[in-house]
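As provided, my_file.txt (compact mmCIF, C-alpha atoms) reads as follows.
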# COMPACT_ATOMS: atom_id res chain seq x y z
CA MET O 1 0.00 0.00 0.00
CA MET O 2 1.27 3.49 -0.83
CA ALA O 3 2.52 5.80 1.94
CA SER O 4 -0.45 8.10 1.41
CA GLY O 5 -2.75 5.12 1.95
CA LYS O 6 -1.01 4.26 5.21
CA GLY O 7 -1.40 7.81 6.44
CA LEU O 8 -5.05 7.84 5.46
CA SER O 9 -5.63 4.54 7.25
CA LEU O 10 -4.30 6.09 10.43
CA ARG O 11 -6.59 9.08 10.03
CA VAL O 12 -9.59 6.80 9.54
CA GLY O 13 -8.49 4.97 12.69
CA CYS O 14 -8.62 8.34 14.45
CA LEU O 15 -12.18 8.79 13.14
CA PHE O 16 -13.28 5.53 14.75
CA ALA O 17 -11.31 6.30 17.92
CA SER O 18 -12.89 9.72 18.35
CA TYR O 19 -16.41 8.29 18.05
CA PHE O 20 -15.81 5.54 20.58
CA LEU O 21 -14.10 7.88 23.03
CA GLY O 22 -17.47 9.57 23.42
CA TYR O 23 -19.51 6.38 23.18
CA GLY O 24 -17.29 4.59 25.71
CA ILE O 25 -18.34 7.14 28.31
CA PHE O 26 -21.96 7.35 27.19
CA LEU O 27 -22.87 3.65 27.17
CA PRO O 28 -21.74 2.58 30.66
CA PHE O 29 -22.11 5.87 32.54
CA PHE O 30 -25.03 7.81 31.07
CA PRO O 31 -27.50 5.82 33.22
CA LEU O 32 -25.62 7.17 36.26
CA VAL O 33 -25.73 10.66 34.77
CA MET O 34 -29.50 10.45 34.41
CA GLN O 35 -29.86 8.98 37.89
CA ASP O 36 -27.74 11.84 39.26
CA ARG O 37 -30.16 14.28 37.62
CA GLY O 38 -33.15 12.70 39.33
CA ILE O 39 -34.45 10.33 36.62
CA PRO O 40 -36.07 7.22 38.23
CA VAL O 41 -34.41 3.94 37.29
CA GLU O 42 -37.54 2.54 35.61
CA GLU O 43 -37.71 5.62 33.40
CA ILE O 44 -34.06 5.21 32.42
CA GLY O 45 -34.89 1.92 30.72
CA PHE O 46 -37.83 3.52 28.92
CA ILE O 47 -35.68 6.46 27.73
CA PHE O 48 -32.93 4.19 26.40
CA GLY O 49 -35.50 1.93 24.75
CA ALA O 50 -37.23 4.84 23.01
CA GLY O 51 -33.87 6.29 21.95
CA ASN O 52 -32.78 3.03 20.40
CA ILE O 53 -36.07 2.52 18.56
CA ALA O 54 -35.72 6.04 17.13
CA ARG O 55 -32.11 5.27 16.18
CA ILE O 56 -33.10 2.06 14.39
CA ILE O 57 -35.77 3.87 12.37
CA ALA O 58 -33.67 6.95 11.64
CA ASN O 59 -30.37 5.28 10.78
CA PRO O 60 -31.25 4.11 7.23
CA VAL O 61 -32.92 7.47 6.58
CA MET O 62 -29.94 9.53 7.78
CA THR O 63 -27.34 7.41 6.00
CA GLY O 64 -29.55 7.28 2.90
CA LEU O 65 -29.63 11.07 2.78
CA SER O 66 -25.85 11.14 3.07
CA ASP O 67 -25.35 8.57 0.31
CA HIS O 68 -27.86 10.39 -1.89
CA THR O 69 -25.90 13.64 -1.63
CA GLY O 70 -22.51 11.91 -1.72
CA ARG O 71 -21.35 14.03 1.25
CA ARG O 72 -20.62 11.51 3.96
CA ARG O 73 -17.86 13.53 5.64
CA LEU O 74 -19.98 16.68 5.77
CA SER O 75 -22.91 14.63 7.09
CA ILE O 76 -20.83 13.28 9.97
CA PHE O 77 -19.74 16.83 10.80
CA LEU O 78 -23.27 18.28 10.71
CA TYR O 79 -24.78 15.34 12.57
CA SER O 80 -22.10 15.76 15.25
CA LEU O 81 -22.97 19.42 15.76
CA ILE O 82 -26.67 18.62 16.09
CA SER O 83 -25.87 15.82 18.56
CA ILE O 84 -23.94 18.27 20.72
CA ALA O 85 -26.94 20.62 20.66
CA PHE O 86 -29.14 17.89 22.14
CA LEU O 87 -26.62 17.27 24.94
CA ILE O 88 -26.57 21.00 25.70
CA TYR O 89 -30.36 20.84 25.87
CA PHE O 90 -30.05 17.92 28.30
CA LEU O 91 -27.75 19.92 30.58
CA ALA O 92 -29.91 23.03 30.41
CA THR O 93 -33.20 21.30 31.29
CA GLY O 94 -34.48 18.67 33.69
CA GLY O 95 -37.15 16.03 34.06
CA VAL O 96 -38.02 12.78 32.35
CA TRP O 97 -39.58 14.23 29.20
CA ASN O 98 -36.71 16.62 28.49
CA ALA O 99 -34.26 13.77 29.05
CA LEU O 100 -36.29 11.65 26.61
CA ILE O 101 -36.16 14.39 23.95
CA ALA O 102 -32.42 14.85 24.46
CA VAL O 103 -31.50 11.15 24.32
CA VAL O 104 -33.75 10.41 21.32
CA GLY O 105 -32.34 13.38 19.40
CA LEU O 106 -28.79 12.47 20.37
CA LEU O 107 -29.05 8.86 19.20
CA VAL O 108 -30.85 9.78 15.98
CA PHE O 109 -28.06 12.10 14.87
CA TRP O 110 -25.03 10.53 16.57
CA SER O 111 -25.46 6.87 15.62
CA PRO O 112 -25.22 7.36 11.80
CA ALA O 113 -21.55 8.27 12.31
CA VAL O 114 -20.67 4.57 12.58
CA PRO O 115 -22.16 3.28 9.29
CA LEU O 116 -20.99 6.44 7.51
CA SER O 117 -17.47 5.94 8.89
CA ASP O 118 -17.62 2.29 7.85
CA ALA O 119 -18.63 3.32 4.33
CA TYR O 120 -15.73 5.76 4.10
CA ALA O 121 -13.31 3.16 5.49
CA LEU O 122 -14.45 0.59 2.92
CA ASP O 123 -13.82 3.12 0.16
CA VAL O 124 -10.27 3.48 1.51
CA VAL O 125 -9.94 -0.32 1.43
CA ARG O 126 -11.00 -0.39 -2.24
CA ASN O 127 -8.94 2.60 -3.31
CA TYR O 128 -5.74 1.93 -1.34
CA GLY O 129 -5.87 -1.73 -0.34
CA ALA O 130 -6.01 -0.75 3.34
CA ASP O 131 -6.79 -3.20 6.16
CA TYR O 132 -10.27 -2.45 7.53
CA GLY O 133 -9.67 -4.44 10.71
CA ARG O 134 -6.63 -2.40 11.66
CA MET O 135 -8.59 0.82 11.18
CA ARG O 136 -11.63 -0.39 13.15
CA LEU O 137 -9.49 -1.77 15.97
CA TRP O 138 -8.70 1.79 17.11
CA GLY O 139 -12.38 2.23 17.92
CA SER O 140 -12.42 -0.72 20.31
CA ALA O 141 -9.16 0.42 21.92
CA ALA O 142 -10.56 3.92 22.39
CA PHE O 143 -13.69 2.44 23.97
CA VAL O 144 -11.51 0.80 26.64
CA VAL O 145 -9.68 4.07 27.34
CA ALA O 146 -12.99 5.94 27.53
CA ASN O 147 -14.33 3.44 30.07
CA MET O 148 -11.42 4.27 32.35
CA ILE O 149 -11.81 8.02 31.82
CA GLY O 150 -15.53 7.77 32.53
CA GLY O 151 -14.82 5.90 35.75
CA TRP O 152 -12.74 8.84 36.97
CA LEU O 153 -15.16 11.53 35.77
CA ILE O 154 -18.18 9.96 37.42
CA LEU O 155 -16.37 10.20 40.78
CA LEU O 156 -16.70 13.99 40.63
CA ASP O 157 -19.44 15.77 42.55
CA SER O 158 -21.28 16.70 39.35
CA SER O 159 -22.21 14.56 36.36
CA THR O 160 -21.71 17.53 34.01
CA PRO O 161 -17.99 16.81 33.27
CA ALA O 162 -18.95 13.35 31.96
CA VAL O 163 -21.48 14.92 29.57
CA ILE O 164 -18.90 17.48 28.44
CA ALA O 165 -16.41 14.66 27.76
CA ILE O 166 -19.01 12.97 25.56
CA MET O 167 -19.48 16.24 23.67
CA ILE O 168 -15.73 16.51 23.13
CA GLY O 169 -15.69 13.01 21.62
CA ILE O 170 -18.61 13.87 19.33
CA LEU O 171 -17.02 17.16 18.23
CA SER O 172 -13.68 15.48 17.50
CA THR O 173 -15.52 12.90 15.36
CA GLY O 174 -17.01 15.66 13.22
CA LEU O 175 -13.72 17.55 12.93
CA VAL O 176 -11.74 14.45 11.94
CA ALA O 177 -14.40 13.50 9.37
CA ILE O 178 -14.50 16.90 7.69
CA SER O 179 -10.69 16.96 7.49
CA LEU O 180 -10.49 13.69 5.52
CA PRO O 181 -9.99 13.77 1.75
CA PRO O 182 -12.96 12.78 -0.44
CA GLN O 183 -13.18 9.21 -1.66
CA VAL O 184 -14.82 7.92 -4.83
CA SER O 185 -16.62 4.63 -4.30
CA THR O 186 -16.71 2.27 -7.24
CA ALA O 187 -20.18 1.28 -6.07
CA GLN O 188 -21.39 4.77 -6.92
CA LYS O 189 -20.51 4.42 -10.59
CA GLY O 190 -23.26 1.97 -11.46
CA THR O 191 -27.00 1.88 -11.08
CA VAL O 192 -29.08 -0.77 -9.39
CA ARG O 193 -32.23 -2.10 -10.97
CA GLU O 194 -35.14 -3.17 -8.80
CA GLU O 195 -35.18 -6.61 -10.41
CA ASP O 196 -31.57 -7.15 -9.30
CA ARG O 197 -32.59 -7.29 -5.65
CA PRO O 198 -31.99 -10.79 -4.24
CA ARG O 199 -35.04 -12.92 -3.55
CA LEU O 200 -33.41 -14.03 -0.29
CA PHE O 201 -34.69 -10.92 1.50
CA LEU O 202 -38.27 -11.87 0.61
CA LYS O 203 -38.08 -15.35 2.14
CA PRO O 204 -39.66 -15.89 5.60
CA ALA O 205 -36.82 -18.28 6.46
CA PHE O 206 -34.30 -15.44 6.18
CA TRP O 207 -36.23 -13.29 8.65
CA LEU O 208 -36.80 -16.23 11.01
CA VAL O 209 -33.07 -16.96 11.16
CA LEU O 210 -32.29 -13.26 11.52
CA GLY O 211 -34.67 -12.99 14.47
CA VAL O 212 -33.13 -15.98 16.26
CA ILE O 213 -29.63 -14.64 15.70
CA GLY O 214 -30.76 -11.24 16.95
CA LEU O 215 -31.80 -12.78 20.28
CA ILE O 216 -28.13 -13.36 21.16
CA GLN O 217 -27.20 -9.70 20.83
CA GLY O 218 -30.58 -8.68 22.21
CA SER O 219 -29.75 -10.56 25.41
CA HIS O 220 -27.20 -7.83 26.18
CA ALA O 221 -29.95 -5.28 26.90
CA ALA O 222 -29.86 -5.74 30.68
CA PHE O 223 -26.07 -5.52 30.65
CA TYR O 224 -25.91 -2.35 28.55
CA GLY O 225 -28.65 -0.61 30.50
CA PHE O 226 -28.27 -1.80 34.09
CA SER O 227 -24.92 -3.49 34.77
CA THR O 228 -23.38 -0.20 35.94
CA LEU O 229 -26.26 0.37 38.36
CA PHE O 230 -26.01 -3.25 39.57
CA TRP O 231 -22.27 -3.01 40.19
CA LYS O 232 -22.57 0.32 41.97
CA ALA O 233 -25.28 -1.11 44.24
CA HIS O 234 -22.74 -3.78 45.27
CA ASP O 235 -20.18 -1.16 46.30
CA VAL O 236 -17.99 -1.39 43.22
CA SER O 237 -16.27 1.95 42.72
CA GLU O 238 -16.85 3.96 39.57
CA PHE O 239 -13.22 3.45 38.56
CA LEU O 240 -13.52 -0.34 38.90
CA ILE O 241 -16.80 -0.22 36.97
CA GLY O 242 -14.80 1.30 34.11
CA ALA O 243 -12.27 -1.50 34.54
CA LEU O 244 -15.04 -4.11 34.29
CA TRP O 245 -16.32 -2.63 31.04
CA SER O 246 -12.75 -2.49 29.74
CA THR O 247 -12.19 -6.15 30.61
CA GLY O 248 -15.03 -7.25 28.36
CA VAL O 249 -13.96 -5.08 25.44
CA ALA O 250 -10.29 -6.08 25.81
CA ALA O 251 -11.33 -9.74 25.59
CA GLU O 252 -13.36 -8.89 22.49
CA ILE O 253 -10.35 -7.17 20.88
CA GLY O 254 -8.20 -10.23 21.55
CA LEU O 255 -10.73 -12.45 19.77
CA PHE O 256 -10.93 -10.14 16.76
CA MET O 257 -7.13 -9.98 16.51
CA PHE O 258 -6.70 -13.74 16.29
CA ALA O 259 -9.99 -14.86 14.73
CA GLY O 260 -8.56 -14.61 11.21
CA ARG O 261 -5.47 -16.67 12.02
CA LEU O 262 -7.59 -19.33 13.70
CA ARG O 263 -10.06 -19.34 10.77
CA LEU O 264 -12.96 -19.07 13.22
CA THR O 265 -15.18 -17.35 10.68
CA SER O 266 -15.21 -20.58 8.65
CA TYR O 267 -17.57 -22.03 11.26
CA PRO O 268 -20.35 -19.44 11.70
CA LEU O 269 -22.96 -21.85 13.09
CA ALA O 270 -20.56 -23.11 15.76
CA LEU O 271 -19.74 -19.53 16.75
CA LEU O 272 -23.43 -18.65 17.06
CA LEU O 273 -24.14 -21.71 19.18
CA ALA O 274 -21.17 -20.90 21.42
CA GLY O 275 -22.39 -17.32 21.83
CA ALA O 276 -25.91 -18.41 22.83
CA ALA O 277 -24.62 -21.06 25.25
CA ALA O 278 -22.27 -18.55 26.86
CA GLY O 279 -25.20 -16.14 27.27
CA ILE O 280 -27.06 -18.70 29.39
CA LEU O 281 -24.03 -18.99 31.67
CA ARG O 282 -23.11 -15.30 31.77
CA TRP O 283 -26.55 -13.84 32.42
CA GLY O 284 -27.68 -16.69 34.67
CA LEU O 285 -24.70 -16.17 36.99
CA PHE O 286 -24.56 -12.37 36.70
CA PRO O 287 -26.72 -11.58 39.77
CA PHE O 288 -24.64 -13.97 41.92
CA ALA O 289 -21.32 -12.27 41.11
CA GLN O 290 -21.13 -9.76 43.97
CA ASP O 291 -17.39 -9.16 44.27
CA PHE O 292 -15.05 -7.55 41.75
CA TRP O 293 -13.09 -10.64 40.72
CA SER O 294 -16.13 -12.82 40.07
CA MET O 295 -17.63 -9.92 38.08
CA ALA O 296 -14.42 -9.61 36.07
CA LEU O 297 -14.37 -13.36 35.38
CA LEU O 298 -17.88 -13.21 33.94
CA GLN O 299 -16.84 -10.23 31.82
CA LEU O 300 -14.42 -12.49 29.95
CA LEU O 301 -17.48 -14.25 28.52
CA HIS O 302 -18.10 -11.10 26.49
CA THR O 303 -15.63 -12.70 24.08
CA MET O 304 -18.29 -15.31 23.35
CA THR O 305 -21.67 -13.62 23.96
CA PHE O 306 -20.75 -10.63 21.81
CA GLY O 307 -17.53 -11.42 19.93
CA MET O 308 -18.24 -14.95 18.72
CA ALA O 309 -21.90 -14.19 18.09
CA HIS O 310 -20.91 -11.14 16.04
CA LEU O 311 -18.37 -13.07 13.97
CA GLY O 312 -20.83 -15.93 13.53
CA SER O 313 -23.69 -13.73 12.35
CA VAL O 314 -21.49 -11.72 9.98
CA GLY O 315 -19.90 -14.93 8.69
CA PHE O 316 -23.24 -16.60 8.14
CA LEU O 317 -24.67 -13.66 6.21
CA SER O 318 -21.52 -13.44 4.12
CA LYS O 319 -22.18 -17.03 3.00
CA ILE O 320 -25.85 -16.58 2.03
CA VAL O 321 -26.09 -12.95 0.88
CA PRO O 322 -24.66 -12.03 -2.56
CA PRO O 323 -21.59 -9.77 -2.21
CA LYS O 324 -23.41 -7.02 -4.10
CA TRP O 325 -25.97 -6.87 -1.29
CA ALA O 326 -23.68 -7.56 1.67
CA ALA O 327 -24.24 -4.13 3.24
CA THR O 328 -28.02 -4.56 2.97
CA GLY O 329 -27.81 -7.93 4.70
CA GLN O 330 -25.66 -6.54 7.49
CA GLY O 331 -28.06 -3.62 7.80
CA PHE O 332 -30.98 -5.98 8.34
CA LEU O 333 -28.93 -7.81 10.98
CA ALA O 334 -28.17 -4.54 12.79
CA ALA O 335 -31.88 -3.65 12.73
CA SER O 336 -32.84 -7.03 14.18
CA ASN O 337 -30.26 -6.67 16.97
CA GLY O 338 -31.25 -3.09 17.67
CA ILE O 339 -34.99 -3.75 17.87
CA LEU O 340 -34.54 -6.59 20.34
CA ILE O 341 -32.12 -4.56 22.48
CA ALA O 342 -34.53 -1.62 22.50
CA ILE O 343 -37.41 -3.83 23.64
CA GLY O 344 -35.11 -5.29 26.27
CA TYR O 345 -34.29 -1.84 27.62
CA ALA O 346 -37.96 -0.99 28.08
CA VAL O 347 -38.78 -4.32 29.77
CA CYS O 348 -35.70 -4.44 32.00
CA GLY O 349 -36.35 -1.10 33.70
CA PRO O 350 -39.47 -2.18 35.64
CA LEU O 351 -37.93 -5.63 36.24
CA TYR O 352 -34.81 -4.08 37.77
CA GLU O 353 -37.03 -2.05 40.09
CA LEU O 354 -38.69 -5.27 41.30
CA ASN O 355 -35.44 -7.19 41.70
CA PRO O 356 -32.00 -6.34 40.24
CA GLY O 357 -31.51 -9.98 39.25
CA TYR O 358 -34.71 -10.32 37.22
CA PRO O 359 -33.49 -8.55 34.04
CA PHE O 360 -30.39 -10.72 33.80
CA TRP O 361 -32.34 -13.93 34.32
CA LEU O 362 -34.68 -12.80 31.57
CA MET O 363 -31.62 -12.39 29.32
CA ALA O 364 -30.52 -15.92 30.24
CA GLY O 365 -33.96 -17.07 29.13
CA LEU O 366 -33.56 -15.28 25.79
CA SER O 367 -30.21 -17.03 25.34
CA CYS O 368 -31.93 -20.37 25.98
CA ILE O 369 -34.49 -19.56 23.29
CA ALA O 370 -31.69 -18.52 20.92
CA LEU O 371 -29.76 -21.74 21.56
CA GLY O 372 -32.84 -23.90 21.04
CA GLY O 373 -33.83 -21.94 17.95
CA LEU O 374 -30.37 -22.26 16.42
CA MET O 375 -30.30 -26.00 17.03
CA ALA O 376 -33.73 -26.38 15.45
CA LEU O 377 -32.82 -24.17 12.49
CA ARG O 378 -29.34 -25.61 11.96
CA PRO O 379 -30.42 -27.92 9.08
CA LEU O 380 -32.19 -25.00 7.39
CA MET O 381 -29.18 -22.70 7.83
CA ARG O 382 -26.87 -25.37 6.40
CA ARG O 383 -29.14 -25.75 3.39
CA MET O 384 -29.16 -21.99 2.88
CA MET O 385 -25.35 -21.97 2.80
CA ALA O 386 -25.19 -25.06 0.61
CA ASP O 387 -27.67 -23.61 -1.90
CA VAL O 388 -25.47 -20.55 -2.38
CA ALA O 389 -22.30 -22.64 -2.62
CA SER O 390 -23.85 -24.79 -5.36
CA ASP O 391 -24.92 -21.81 -7.49
Do you think you could lay out the structure here as structure tokens?
Amino acid sequence: MMASGKGLSLRVGCLFASYFLGYGIFLPFFPLVMQDRGIPVEEIGFIFGAGNIARIIANPVMTGLSDHTGRRRLSIFLYSLISIAFLIYFLATGGVWNALIAVVGLLVFWSPAVPLSDAYALDVVRNYGADYGRMRLWGSAAFVVANMIGGWLILLDSSTPAVIAIMIGILSTGLVAISLPPQVSTAQKGTVREEDRPRLFLKPAFWLVLGVIGLIQGSHAAFYGFSTLFWKAHDVSEFLIGALWSTGVAAEIGLFMFAGRLRLTSYPLALLLAGAAAGILRWGLFPFAQDFWSMALLQLLHTMTFGMAHLGSVGFLSKIVPPKWAATGQGFLAASNGILIAIGYAVCGPLYELNPGYPFWLMAGLSCIALGGLMALRPLMRRMMADVASD
């Protein structure tokens, strides 16, 4: 790869890193921010659920507008500025409904930065032969760093510094994006006819499999929304909470680094089954882990419940979806995951109020359903892969 391509790869890595610096504070610690501002715990789940439903609906619209205009970098910049405006609104107001408006607006405009950054990165891969994995890895590493920073910030008397840190991450994402050189995607040179759309997306079997796969990622809803509150209730310091989040992501990074060498993606069904089985163990034991080291040990299972399930789902779709429509297939997968996580947020809030262990046991139940569904659908999924291979 040319020197200019190497330099550009590093800059794209900075784009991912800047996004996840903000998101790595937002995801684990924003529930505490809302709690600090007087939002009841059951309403926190509702707010996150509504925000994620809005994000799922808005994402294809926002990214579609950007692709239509061909101005992805400018879109990331403008969306970042609007996202910051919603956080300022959050700081300037109070109450459940204002928090709902702020979080919904934030997620609608902030979340498109990831698929738009992915699209830009893939253009760099095509134009310069860059390594996508090495660019995306900076995002996961930044997420770990942000978890630690958030653990320190949340120790302060006010939650405002944590919100300001999120805004800095969002602003840096927009500034890095607008500073990147334009890329010409080869995919933009042709036109797509309606009759070229694959019939796979019209088959009920495709959506059935997608729903079962989505249950594995959907089982993380209690963890994403309420693990921080659970750990804090068991006298884990905010700094160690950041360390717990970092442990899971670090394990995930290790898997992604070596998955290619171990050829794990050649066995997508095995990875999905392992992810579902690990979910039963992780979420079933989660309420019983009441000291730091047992919590940290369970966090290592993130390698399987998220990492292996992610590799398995992406690998499976890559085997059944035509390359021309790979992004569409992955988009449907993201929507399935997001819808189930959003529903989980809304359900887990009232359950957590009744008993902090109930949401995690519900997630263990979802993992059981996912495991049983995958075992039942395994012959169908094998046929789907075999049919494509024989074409």
>> I'd like the contact shell of stretch 364-367 of chain O - 9 Å cut-off, only C-alpha atoms, skipping same-chain residues fewer than 5 positions apart - returned as a ChimeraX atom specification.
In response: /O:215-216,218-219,275-285,359,372
> What is the distance between atom CA of O:Gly307 and atom CA of O:Asn147, in Å to one decimal?
Replying inline: 18.3 Å
Residues near O:Asn337, cut-off 9 Å, all atoms listed in the file, skip fewer than 5 positions along chain, as a compact mmCIF listing (two decimals) with C-alpha atoms, keeping the file's coordinate frame:
# COMPACT_ATOMS: atom_id res chain seq x y z
CA LEU O 210 -32.29 -13.26 11.52
CA GLY O 211 -34.67 -12.99 14.47
CA ILE O 213 -29.63 -14.64 15.70
CA GLY O 214 -30.76 -11.24 16.95
CA LEU O 215 -31.80 -12.78 20.28
CA ILE O 216 -28.13 -13.36 21.16
CA GLN O 217 -27.20 -9.70 20.83
CA GLY O 218 -30.58 -8.68 22.21
CA PHE O 332 -30.98 -5.98 8.34
CA ALA O 342 -34.53 -1.62 22.50
> In Å to one decimal, how far is atom CA of O:Met34 from atom CA of O:Val103?
Replying inline: 10.3 Å
>> Using all atoms listed in the file, which protein or nucleic acid residues come within 12 Å of stretch 69-74 of chain O? Drop anything in the same chain fewer than 4 positions from it, and give the result as a count of residues only.
In response: 37
> Which one of O:Ile57, O:Leu106, O:Val212, O:Ala309 sits closest to O:Ile369 if you count all atoms listed in the file?
Replying inline: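 Under the stated criterion, the closest residue is O:Val212.
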> Counting all atoms listed in the file, which residues come within 10 Å of (-16.2, -11.9, 23.8), with the point read in the file's coordinates, and could you list them as a list in words?
Replying inline: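 Protein and nucleic acid residues near the point are Thr247, Gly248, Val249, Ala250, Ala251, Glu252, Ile253, Gly254, Leu255, Phe256, Gly275, Ala278, Gln299, Leu300, Leu301, His302, Thr303, Met304, Thr305, Phe306, Gly307, Met308, Ala309 and His310 of chain O.
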> Suppose you want the space between atom CA of O:Gly51 and atom CA of O:Tyr358; what is it in Å?
Replying inline: 22.6 Å
For stretch 63-81 of chain O, where the input has fewer atoms than it should, I would like N, CA and C atoms rebuilt and written as a PDB file, in the frame of the given file.
ATOM      1  N   THR O  63     -28.438   7.851   6.867  1.00  0.00           N
ATOM      2  CA  THR O  63     -27.340   7.410   6.000  1.00  0.00           C
ATOM      3  C   THR O  63     -27.760   7.452   4.534  1.00  0.00           C
ATOM      4  N   GLY O  64     -29.057   7.193   4.275  1.00  0.00           N
ATOM      5  CA  GLY O  64     -29.550   7.280   2.900  1.00  0.00           C
ATOM      6  C   GLY O  64     -29.448   8.699   2.359  1.00  0.00           C
ATOM      7  N   LEU O  65     -29.772   9.672   3.192  1.00  0.00           N
ATOM      8  CA  LEU O  65     -29.630  11.070   2.780  1.00  0.00           C
ATOM      9  C   LEU O  65     -28.174  11.389   2.458  1.00  0.00           C
ATOM     10  N   SER O  66     -27.280  10.881   3.286  1.00  0.00           N
ATOM     11  CA  SER O  66     -25.850  11.140   3.070  1.00  0.00           C
ATOM     12  C   SER O  66     -25.358  10.494   1.786  1.00  0.00           C
ATOM     13  N   ASP O  67     -25.763   9.245   1.546  1.00  0.00           N
ATOM     14  CA  ASP O  67     -25.350   8.570   0.310  1.00  0.00           C
ATOM     15  C   ASP O  67     -25.963   9.242  -0.910  1.00  0.00           C
ATOM     16  N   HIS O  68     -27.193   9.726  -0.768  1.00  0.00           N
ATOM     17  CA  HIS O  68     -27.860  10.390  -1.890  1.00  0.00           C
ATOM     18  C   HIS O  68     -27.107  11.647  -2.317  1.00  0.00           C
ATOM     19  N   THR O  69     -26.627  12.404  -1.324  1.00  0.00           N
ATOM     20  CA  THR O  69     -25.900  13.640  -1.630  1.00  0.00           C
ATOM     21  C   THR O  69     -24.426  13.378  -1.926  1.00  0.00           C
ATOM     22  N   GLY O  70     -23.920  12.209  -1.523  1.00  0.00           N
ATOM     23  CA  GLY O  70     -22.510  11.910  -1.720  1.00  0.00           C
ATOM     24  C   GLY O  70     -21.595  12.695  -0.795  1.00  0.00           C
ATOM     25  N   ARG O  71     -22.134  13.206   0.326  1.00  0.00           N
ATOM     26  CA  ARG O  71     -21.350  14.030   1.250  1.00  0.00           C
ATOM     27  C   ARG O  71     -21.324  13.375   2.632  1.00  0.00           C
ATOM     28  N   ARG O  72     -20.663  12.245   2.708  1.00  0.00           N
ATOM     29  CA  ARG O  72     -20.620  11.510   3.960  1.00  0.00           C
ATOM     30  C   ARG O  72     -19.823  12.263   5.026  1.00  0.00           C
ATOM     31  N   ARG O  73     -18.693  12.832   4.654  1.00  0.00           N
ATOM     32  CA  ARG O  73     -17.860  13.530   5.640  1.00  0.00           C
ATOM     33  C   ARG O  73     -18.583  14.752   6.199  1.00  0.00           C
ATOM     34  N   LEU O  74     -19.227  15.512   5.319  1.00  0.00           N
ATOM     35  CA  LEU O  74     -19.980  16.680   5.770  1.00  0.00           C
ATOM     36  C   LEU O  74     -21.161  16.255   6.634  1.00  0.00           C
ATOM     37  N   SER O  75     -21.785  15.126   6.293  1.00  0.00           N
ATOM     38  CA  SER O  75     -22.910  14.630   7.090  1.00  0.00           C
ATOM     39  C   SER O  75     -22.461  14.298   8.510  1.00  0.00           C
ATOM     40  N   ILE O  76     -21.335  13.614   8.639  1.00  0.00           N
ATOM     41  CA  ILE O  76     -20.830  13.280   9.970  1.00  0.00           C
ATOM     42  C   ILE O  76     -20.587  14.558  10.770  1.00  0.00           C
ATOM     43  N   PHE O  77     -20.020  15.571  10.121  1.00  0.00           N
ATOM     44  CA  PHE O  77     -19.740  16.830  10.800  1.00  0.00           C
ATOM     45  C   PHE O  77     -21.033  17.512  11.259  1.00  0.00           C
ATOM     46  N   LEU O  78     -22.010  17.612  10.363  1.00  0.00           N
ATOM     47  CA  LEU O  78     -23.270  18.280  10.710  1.00  0.00           C
ATOM     48  C   LEU O  78     -24.053  17.484  11.759  1.00  0.00           C
ATOM     49  N   TYR O  79     -24.089  16.166  11.590  1.00  0.00           N
ATOM     50  CA  TYR O  79     -24.780  15.340  12.570  1.00  0.00           C
ATOM     51  C   TYR O  79     -24.129  15.463  13.952  1.00  0.00           C
ATOM     52  N   SER O  80     -22.813  15.615  13.975  1.00  0.00           N
ATOM     53  CA  SER O  80     -22.100  15.760  15.250  1.00  0.00           C
ATOM     54  C   SER O  80     -22.496  17.059  15.935  1.00  0.00           C
ATOM     55  N   LEU O  81     -22.580  18.143  15.177  1.00  0.00           N
ATOM     56  CA  LEU O  81     -22.970  19.420  15.760  1.00  0.00           C
ATOM     57  C   LEU O  81     -24.389  19.368  16.331  1.00  0.00           C
TER      58      LEU O  81
END
